[in-house]
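Participant: Quick one, start33.cif (mmCIF, N, CA and C atoms and all ligand atoms):
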```
data_target
#
loop_
_atom_site.group_PDB
_atom_site.id
_atom_site.type_symbol
_atom_site.label_atom_id
_atom_site.label_comp_id
_atom_site.auth_asym_id
_atom_site.auth_seq_id
_atom_site.Cartn_x
_atom_site.Cartn_y
_atom_site.Cartn_z
ATOM 1 N N MET A 21 18.652 5.777 -2.391
ATOM 2 C CA MET A 21 17.801 4.991 -1.503
ATOM 3 C C MET A 21 16.340 5.304 -1.810
ATOM 4 N N ASP A 22 15.520 4.265 -1.870
ATOM 5 C CA ASP A 22 14.094 4.461 -2.089
ATOM 6 C C ASP A 22 13.484 5.133 -0.871
ATOM 7 N N GLU A 23 12.431 5.869 -1.125
ATOM 8 C CA GLU A 23 11.695 6.475 -0.020
ATOM 9 C C GLU A 23 11.018 5.374 0.791
ATOM 10 N N LEU A 24 11.012 5.532 2.097
ATOM 11 C CA LEU A 24 10.389 4.510 2.946
ATOM 12 C C LEU A 24 8.874 4.632 2.911
ATOM 13 N N LYS A 25 8.221 3.482 2.761
ATOM 14 C CA LYS A 25 6.767 3.475 2.841
ATOM 15 C C LYS A 25 6.362 3.645 4.301
ATOM 16 N N LEU A 26 5.106 3.995 4.492
ATOM 17 C CA LEU A 26 4.582 4.110 5.854
ATOM 18 C C LEU A 26 4.526 2.728 6.488
ATOM 19 N N CYS A 27 4.480 2.676 7.796
ATOM 20 C CA CYS A 27 4.438 1.409 8.528
ATOM 21 C C CYS A 27 3.218 0.580 8.111
ATOM 22 N N PRO A 28 3.407 -0.714 7.819
ATOM 23 C CA PRO A 28 2.269 -1.546 7.415
ATOM 24 C C PRO A 28 1.324 -1.859 8.579
ATOM 25 N N PHE A 29 1.751 -1.601 9.795
ATOM 26 C CA PHE A 29 0.928 -1.925 10.960
ATOM 27 C C PHE A 29 0.138 -0.734 11.479
ATOM 28 N N CYS A 30 0.785 0.435 11.559
ATOM 29 C CA CYS A 30 0.086 1.591 12.145
ATOM 30 C C CYS A 30 -0.072 2.754 11.168
ATOM 31 N N GLY A 31 0.613 2.678 10.008
ATOM 32 C CA GLY A 31 0.468 3.732 9.004
ATOM 33 C C GLY A 31 1.281 4.989 9.277
ATOM 34 N N ARG A 32 2.166 4.954 10.253
ATOM 35 C CA ARG A 32 2.966 6.138 10.578
ATOM 36 C C ARG A 32 4.332 6.063 9.876
ATOM 37 N N LYS A 33 5.132 7.131 10.037
ATOM 38 C CA LYS A 33 6.442 7.216 9.377
ATOM 39 C C LYS A 33 7.460 6.258 9.990
ATOM 40 N N ALA A 34 8.373 5.816 9.147
ATOM 41 C CA ALA A 34 9.476 4.961 9.592
ATOM 42 C C ALA A 34 10.776 5.695 9.310
ATOM 43 N N GLU A 35 11.834 5.248 9.941
ATOM 44 C CA GLU A 35 13.133 5.851 9.672
ATOM 45 C C GLU A 35 14.219 4.782 9.641
ATOM 46 N N LYS A 36 15.289 5.113 8.920
ATOM 47 C CA LYS A 36 16.433 4.217 8.832
ATOM 48 C C LYS A 36 17.339 4.429 10.028
ATOM 49 N N GLY A 37 17.962 3.341 10.469
ATOM 50 C CA GLY A 37 18.852 3.475 11.606
ATOM 51 C C GLY A 37 19.802 2.310 11.686
ATOM 52 N N GLU A 38 20.367 2.163 12.839
ATOM 53 C CA GLU A 38 21.338 1.096 13.097
ATOM 54 C C GLU A 38 21.120 0.659 14.541
ATOM 55 N N ASP A 39 21.062 -0.653 14.766
ATOM 56 C CA ASP A 39 20.850 -1.101 16.142
ATOM 57 C C ASP A 39 22.173 -1.208 16.890
ATOM 58 N N ARG A 40 22.134 -1.668 18.136
ATOM 59 C CA ARG A 40 23.339 -1.715 18.988
ATOM 60 C C ARG A 40 24.415 -2.626 18.420
ATOM 61 N N GLU A 41 24.021 -3.628 17.648
ATOM 62 C CA GLU A 41 25.010 -4.552 17.074
ATOM 63 C C GLU A 41 25.373 -4.183 15.642
ATOM 64 N N SER A 42 25.084 -2.959 15.268
ATOM 65 C CA SER A 42 25.447 -2.402 13.966
ATOM 66 C C SER A 42 24.725 -3.031 12.781
ATOM 67 N N TYR A 43 23.570 -3.636 13.025
ATOM 68 C CA TYR A 43 22.749 -4.073 11.901
ATOM 69 C C TYR A 43 22.013 -2.862 11.369
ATOM 70 N N GLU A 44 21.899 -2.804 10.051
ATOM 71 C CA GLU A 44 21.077 -1.764 9.444
ATOM 72 C C GLU A 44 19.627 -2.087 9.752
ATOM 73 N N CYS A 45 18.812 -1.083 9.958
ATOM 74 C CA CYS A 45 17.404 -1.363 10.216
ATOM 75 C C CYS A 45 16.525 -0.219 9.752
ATOM 76 N N VAL A 46 15.264 -0.553 9.545
ATOM 77 C CA VAL A 46 14.214 0.435 9.330
ATOM 78 C C VAL A 46 13.213 0.194 10.443
ATOM 79 N N MET A 47 12.879 1.271 11.151
ATOM 80 C CA MET A 47 12.001 1.138 12.305
ATOM 81 C C MET A 47 10.873 2.157 12.242
ATOM 82 N N CYS A 48 9.690 1.706 12.590
ATOM 83 C CA CYS A 48 8.556 2.612 12.712
ATOM 84 C C CYS A 48 8.788 3.489 13.940
ATOM 85 N N LYS A 49 8.566 4.802 13.795
ATOM 86 C CA LYS A 49 8.781 5.726 14.915
ATOM 87 C C LYS A 49 7.716 5.558 15.983
ATOM 88 N N ASP A 50 6.585 4.965 15.606
ATOM 89 C CA ASP A 50 5.473 4.910 16.554
ATOM 90 C C ASP A 50 5.328 3.548 17.228
ATOM 91 N N CYS A 51 5.187 2.466 16.432
ATOM 92 C CA CYS A 51 4.888 1.155 17.022
ATOM 93 C C CYS A 51 6.142 0.284 17.154
ATOM 94 N N THR A 52 7.272 0.760 16.694
ATOM 95 C CA THR A 52 8.578 0.099 16.742
ATOM 96 C C THR A 52 8.685 -1.173 15.894
ATOM 97 N N ALA A 53 7.776 -1.391 14.958
ATOM 98 C CA ALA A 53 7.950 -2.483 14.000
ATOM 99 C C ALA A 53 9.298 -2.255 13.310
ATOM 100 N N THR A 54 10.095 -3.302 13.164
ATOM 101 C CA THR A 54 11.465 -3.130 12.666
ATOM 102 C C THR A 54 11.851 -4.225 11.686
ATOM 103 N N VAL A 55 12.641 -3.858 10.697
ATOM 104 C CA VAL A 55 13.247 -4.799 9.759
ATOM 105 C C VAL A 55 14.757 -4.603 9.845
ATOM 106 N N TYR A 56 15.487 -5.700 10.010
ATOM 107 C CA TYR A 56 16.950 -5.643 10.114
ATOM 108 C C TYR A 56 17.592 -6.260 8.881
ATOM 109 N N SER A 57 18.810 -5.826 8.581
ATOM 110 C CA SER A 57 19.600 -6.482 7.540
ATOM 111 C C SER A 57 21.075 -6.213 7.779
ATOM 112 N N MET A 58 21.893 -6.944 7.063
ATOM 113 C CA MET A 58 23.341 -6.812 7.206
ATOM 114 C C MET A 58 23.902 -5.719 6.298
ATOM 115 N N ASP A 59 23.160 -5.336 5.263
ATOM 116 C CA ASP A 59 23.669 -4.290 4.387
ATOM 117 C C ASP A 59 22.680 -3.140 4.271
ATOM 118 N N GLU A 60 23.168 -2.048 3.739
ATOM 119 C CA GLU A 60 22.462 -0.785 3.811
ATOM 120 C C GLU A 60 21.126 -0.742 3.070
ATOM 121 N N ASP A 61 21.034 -1.368 1.910
ATOM 122 C CA ASP A 61 19.828 -1.232 1.110
ATOM 123 C C ASP A 61 18.805 -2.331 1.325
ATOM 124 N N THR A 62 19.221 -3.500 1.818
ATOM 125 C CA THR A 62 18.290 -4.619 1.956
ATOM 126 C C THR A 62 17.176 -4.322 2.949
ATOM 127 N N ASP A 63 17.489 -3.619 4.038
ATOM 128 C CA ASP A 63 16.446 -3.308 5.009
ATOM 129 C C ASP A 63 15.349 -2.447 4.392
ATOM 130 N N VAL A 64 15.740 -1.497 3.559
ATOM 131 C CA VAL A 64 14.749 -0.635 2.895
ATOM 132 C C VAL A 64 13.912 -1.457 1.926
ATOM 133 N N GLU A 65 14.582 -2.319 1.171
ATOM 134 C CA GLU A 65 13.869 -3.174 0.219
ATOM 135 C C GLU A 65 12.866 -4.069 0.954
ATOM 136 N N LEU A 66 13.309 -4.666 2.061
ATOM 137 C CA LEU A 66 12.409 -5.515 2.847
ATOM 138 C C LEU A 66 11.251 -4.713 3.427
ATOM 139 N N TRP A 67 11.557 -3.526 3.966
ATOM 140 C CA TRP A 67 10.510 -2.687 4.564
ATOM 141 C C TRP A 67 9.461 -2.313 3.521
ATOM 142 N N ASN A 68 9.923 -1.993 2.319
ATOM 143 C CA ASN A 68 9.003 -1.518 1.279
ATOM 144 C C ASN A 68 8.334 -2.637 0.491
ATOM 145 N N THR A 69 8.661 -3.888 0.762
ATOM 146 C CA THR A 69 8.024 -5.004 0.053
ATOM 147 C C THR A 69 6.675 -5.305 0.695
ATOM 148 N N ARG A 70 5.608 -5.165 -0.087
ATOM 149 C CA ARG A 70 4.242 -5.335 0.432
ATOM 150 C C ARG A 70 3.408 -6.172 -0.544
ATOM 151 N N PRO A 71 3.660 -7.485 -0.607
ATOM 152 C CA PRO A 71 2.972 -8.290 -1.614
ATOM 153 C C PRO A 71 1.451 -8.300 -1.481
ATOM 154 N N ILE A 72 0.938 -8.357 -0.274
ATOM 155 C CA ILE A 72 -0.520 -8.388 -0.094
ATOM 156 C C ILE A 72 -1.124 -7.043 -0.490
ATOM 157 N N GLU A 73 -0.492 -5.964 -0.044
ATOM 158 C CA GLU A 73 -0.959 -4.624 -0.393
ATOM 159 C C GLU A 73 -0.917 -4.420 -1.911
ATOM 160 N N ASP A 74 0.174 -4.854 -2.543
ATOM 161 C CA ASP A 74 0.297 -4.720 -3.999
ATOM 162 C C ASP A 74 -0.786 -5.521 -4.715
ATOM 163 N N GLU A 75 -1.055 -6.740 -4.220
ATOM 164 C CA GLU A 75 -2.085 -7.575 -4.832
ATOM 165 C C GLU A 75 -3.462 -6.936 -4.691
ATOM 166 N N LEU A 76 -3.751 -6.370 -3.521
ATOM 167 C CA LEU A 76 -5.042 -5.715 -3.310
ATOM 168 C C LEU A 76 -5.189 -4.469 -4.180
ATOM 169 N N ARG A 77 -4.095 -3.696 -4.316
ATOM 170 C CA ARG A 77 -4.150 -2.505 -5.187
ATOM 171 C C ARG A 77 -4.445 -2.913 -6.636
ATOM 172 N N LYS A 78 -3.792 -4.003 -7.088
ATOM 173 C CA LYS A 78 -4.018 -4.485 -8.456
ATOM 174 C C LYS A 78 -5.462 -4.944 -8.620
ATOM 175 N N ARG A 79 -5.991 -5.634 -7.618
ATOM 176 C CA ARG A 79 -7.378 -6.119 -7.664
ATOM 177 C C ARG A 79 -8.360 -4.944 -7.731
ATOM 178 N N ILE A 80 -8.112 -3.898 -6.934
ATOM 179 C CA ILE A 80 -8.971 -2.710 -6.956
ATOM 180 C C ILE A 80 -8.908 -2.053 -8.333
ATOM 181 N N GLU A 81 -7.688 -1.947 -8.892
ATOM 182 C CA GLU A 81 -7.527 -1.348 -10.222
ATOM 183 C C GLU A 81 -8.311 -2.146 -11.263
ATOM 184 N N ASP A 82 -8.224 -3.483 -11.204
ATOM 185 C CA ASP A 82 -8.961 -4.338 -12.142
ATOM 186 C C ASP A 82 -10.464 -4.139 -11.993
ATOM 187 N N LEU A 83 -10.941 -4.075 -10.740
ATOM 188 C CA LEU A 83 -12.371 -3.889 -10.498
ATOM 189 C C LEU A 83 -12.847 -2.526 -11.006
ATOM 190 N N GLU A 84 -12.024 -1.481 -10.801
ATOM 191 C CA GLU A 84 -12.402 -0.151 -11.279
ATOM 192 C C GLU A 84 -12.452 -0.122 -12.802
ATOM 193 N N LEU A 85 -11.487 -0.800 -13.450
ATOM 194 C CA LEU A 85 -11.513 -0.867 -14.918
ATOM 195 C C LEU A 85 -12.744 -1.629 -15.398
ATOM 196 N N GLY A 86 -13.078 -2.718 -14.689
ATOM 197 C CA GLY A 86 -14.271 -3.485 -15.038
ATOM 198 C C GLY A 86 -15.531 -2.646 -14.885
ATOM 199 N N MET A 87 -15.572 -1.842 -13.830
ATOM 200 C CA MET A 87 -16.725 -0.979 -13.609
ATOM 201 C C MET A 87 -16.834 0.065 -14.718
ATOM 202 N N LEU A 88 -15.701 0.623 -15.137
ATOM 203 C CA LEU A 88 -15.728 1.608 -16.227
ATOM 204 C C LEU A 88 -16.222 0.977 -17.524
ATOM 205 N N GLU A 89 -15.811 -0.278 -17.787
ATOM 206 C CA GLU A 89 -16.280 -0.965 -18.994
ATOM 207 C C GLU A 89 -17.792 -1.168 -18.943
ATOM 208 N N ILE A 90 -18.301 -1.538 -17.773
ATOM 209 C CA ILE A 90 -19.758 -1.712 -17.612
ATOM 210 C C ILE A 90 -20.461 -0.375 -17.827
ATOM 211 N N LEU A 91 -19.926 0.669 -17.208
ATOM 212 C CA LEU A 91 -20.552 1.987 -17.345
ATOM 213 C C LEU A 91 -20.525 2.470 -18.800
ATOM 214 N N ALA A 92 -19.438 2.157 -19.513
ATOM 215 C CA ALA A 92 -19.320 2.594 -20.909
ATOM 216 C C ALA A 92 -20.336 1.907 -21.816
ATOM 217 N N SER A 93 -20.827 0.745 -21.402
ATOM 218 C CA SER A 93 -21.758 0.002 -22.254
ATOM 219 C C SER A 93 -23.207 0.170 -21.804
ATOM 220 N N THR A 94 -23.481 1.094 -20.904
ATOM 221 C CA THR A 94 -24.849 1.310 -20.433
ATOM 222 C C THR A 94 -25.320 2.712 -20.801
ATOM 223 N N SER A 95 -26.623 2.915 -20.668
ATOM 224 C CA SER A 95 -27.159 4.250 -20.929
ATOM 225 C C SER A 95 -26.768 5.189 -19.797
ATOM 226 N N ILE A 96 -26.948 6.476 -19.994
ATOM 227 C CA ILE A 96 -26.589 7.454 -18.958
ATOM 228 C C ILE A 96 -27.418 7.225 -17.697
ATOM 229 N N ASP A 97 -28.694 6.914 -17.849
ATOM 230 C CA ASP A 97 -29.545 6.666 -16.673
ATOM 231 C C ASP A 97 -29.080 5.426 -15.913
ATOM 232 N N GLU A 98 -28.783 4.358 -16.637
ATOM 233 C CA GLU A 98 -28.289 3.139 -15.976
ATOM 234 C C GLU A 98 -26.935 3.398 -15.306
ATOM 235 N N ALA A 99 -26.064 4.141 -15.990
ATOM 236 C CA ALA A 99 -24.755 4.456 -15.425
ATOM 237 C C ALA A 99 -24.905 5.264 -14.139
ATOM 238 N N GLN A 100 -25.836 6.214 -14.141
ATOM 239 C CA GLN A 100 -26.084 7.031 -12.941
ATOM 240 C C GLN A 100 -26.553 6.150 -11.787
ATOM 241 N N GLN A 101 -27.440 5.195 -12.079
ATOM 242 C CA GLN A 101 -27.939 4.291 -11.029
ATOM 243 C C GLN A 101 -26.803 3.424 -10.472
ATOM 244 N N ILE A 102 -25.974 2.890 -11.360
ATOM 245 C CA ILE A 102 -24.852 2.055 -10.919
ATOM 246 C C ILE A 102 -23.891 2.880 -10.078
ATOM 247 N N TYR A 103 -23.612 4.095 -10.536
ATOM 248 C CA TYR A 103 -22.684 4.968 -9.819
ATOM 249 C C TYR A 103 -23.224 5.292 -8.420
ATOM 250 N N GLU A 104 -24.515 5.621 -8.333
ATOM 251 C CA GLU A 104 -25.108 5.943 -7.028
ATOM 252 C C GLU A 104 -25.118 4.719 -6.129
ATOM 253 N N HIS A 105 -25.367 3.548 -6.707
ATOM 254 C CA HIS A 105 -25.337 2.309 -5.937
ATOM 255 C C HIS A 105 -23.925 2.066 -5.377
ATOM 256 N N TYR A 106 -22.916 2.330 -6.213
ATOM 257 C CA TYR A 106 -21.518 2.163 -5.807
ATOM 258 C C TYR A 106 -21.186 3.114 -4.659
ATOM 259 N N LEU A 107 -21.601 4.384 -4.784
ATOM 260 C CA LEU A 107 -21.304 5.366 -3.743
ATOM 261 C C LEU A 107 -21.992 5.033 -2.430
ATOM 262 N N ALA A 108 -23.186 4.438 -2.498
ATOM 263 C CA ALA A 108 -23.932 4.099 -1.288
ATOM 264 C C ALA A 108 -23.207 3.032 -0.461
ATOM 265 N N LYS A 109 -22.350 2.241 -1.118
ATOM 266 C CA LYS A 109 -21.638 1.169 -0.416
ATOM 267 C C LYS A 109 -20.381 1.669 0.290
ATOM 268 N N GLU A 110 -19.897 2.872 -0.038
ATOM 269 C CA GLU A 110 -18.662 3.386 0.561
ATOM 270 C C GLU A 110 -18.899 3.880 1.976
HETATM 271 ZN ZN ZN B 1 4.095 1.337 13.058
#
```
Would it be possible to restate this file's structure as structure tokens?

Facilitator:
Amino acid sequence: MDELKLCPFCGRKAEKGEDRESYECVMCKDCTATVYSMDEDTDVELWNTRPIEDELRKRIEDLELGMLEILASTSIDEAQQIYEHYLAKE
């Protein structure tokens, strides 16, 4: 079984379980967000599927690579200025 990702709503831990009607489920321990399924692994797969999060992570990775390419083609002084400008925005 794959490790459960943190809750997409509150960021806390989730756990696998079974509801009163014997559906498999993954439930957040804190906010009770829940995913149900009829078989054991589908609930975990559904819980861990995060298309928007995955897309944003890929976009951040692309932007960081683009920034490294820009920094690699500039002088050390220009790179320092760009880096400080980037840090000021965080
Ligand atoms: Zn939650």

Participant: Decode the PyMOL selection byres (((chain A and resi 35-47) around 6) and not hetatm) for the given file into explicit residues and return them as a list in words.

Facilitator: Lys33, Ala34, Cys48, Lys49, Thr52, Ala53, Thr54, Val55, Tyr56, Ser57, Met58, Asp59, Glu60 and Asp63 of chain A

Participant: For ligand ZN 1 (chain B), list the contacting residues at 5 Å or closer, counting only N, CA and C atoms and all ligand atoms, as a ChimeraX atom specification.

Facilitator: /A:27,29-32,48,50-53

Participant: Store the residues picked out above, limited to N, CA and C atoms, as a short mmCIF file (atom, residue, chain, number, x, y, z; two decimals), keeping the file's coordinate frame.

Facilitator:
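out00.cif was written with the following content:
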```cif
data_model
loop_
_atom_site.label_atom_id
_atom_site.label_comp_id
_atom_site.auth_asym_id
_atom_site.auth_seq_id
_atom_site.Cartn_x
_atom_site.Cartn_y
_atom_site.Cartn_z
N CYS A 27 4.48 2.68 7.80
CA CYS A 27 4.44 1.41 8.53
C CYS A 27 3.22 0.58 8.11
N PHE A 29 1.75 -1.60 9.80
CA PHE A 29 0.93 -1.92 10.96
C PHE A 29 0.14 -0.73 11.48
N CYS A 30 0.78 0.44 11.56
CA CYS A 30 0.09 1.59 12.14
C CYS A 30 -0.07 2.75 11.17
N GLY A 31 0.61 2.68 10.01
CA GLY A 31 0.47 3.73 9.00
C GLY A 31 1.28 4.99 9.28
N ARG A 32 2.17 4.95 10.25
CA ARG A 32 2.97 6.14 10.58
C ARG A 32 4.33 6.06 9.88
N CYS A 48 9.69 1.71 12.59
CA CYS A 48 8.56 2.61 12.71
C CYS A 48 8.79 3.49 13.94
N ASP A 50 6.58 4.96 15.61
CA ASP A 50 5.47 4.91 16.55
C ASP A 50 5.33 3.55 17.23
N CYS A 51 5.19 2.47 16.43
CA CYS A 51 4.89 1.16 17.02
C CYS A 51 6.14 0.28 17.15
N THR A 52 7.27 0.76 16.69
CA THR A 52 8.58 0.10 16.74
C THR A 52 8.68 -1.17 15.89
N ALA A 53 7.78 -1.39 14.96
CA ALA A 53 7.95 -2.48 14.00
C ALA A 53 9.30 -2.26 13.31
#
```

Participant: Among segment 33-102 of chain A, which ones does DSSP place in strand (DSSP E), written as a list in words?

Facilitator: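 Reading the DSSP output for segment 33-102 of chain A, strand (DSSP E) covers Ala34, Glu35, Lys36, Gly37, Glu38, Glu44, Cys45, Val46, Met47, Cys48, Thr54, Val55, Tyr56 and Ser57 of chain A.
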
Participant: Looking at A:Asp97, A:Trp67, A:Asp61, A:Ile80, which one is nearest to Leu26 of chain A, with distances taken over only N, CA and C atoms?

Facilitator: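 With only N, CA and C atoms as the atom set, the closest residue is A:Trp67.
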
Participant: Write out as a list in words which residues come within 10 Å of segment 105-108 of chain A when counting only C-alpha atoms, dropping same-chain ones fewer than 5 positions away.

Facilitator: Met87, Ala99 and Gln100 of chain A

Participant: How many Å lie between atom CA of Ile90 of chain A and atom CA of Lys78 of chain A, rounded to one decimal?

Facilitator: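 So the two atoms, atom CA of Ile90 of chain A and atom CA of Lys78 of chain A, lie 18.4 Å apart.
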
Participant: Which centre and edge lengths in Å to one decimal define the box along x, y and z that fits every listed atom of segment 39-48 of chain A plus 3 Å per side, as AutoDock Vina command-line options?

Facilitator:
```
--center_x 17.0 --center_y -0.5 --center_z 14.2 --size_x 22.9 --size_y 14.0 --size_z 15.7
```

Participant: Figure out the distance between atom N of Arg79 of chain A and atom N of Ile102 of chain A, please, to one decimal in Å.

Facilitator: 22.0 Å

Participant: Please measure the separation of atom CA of Glu81 of chain A and atom CA of Thr62 of chain A, giving the value in Å to one decimal.

Facilitator: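 Between these atoms lies a distance of 28.7 Å.
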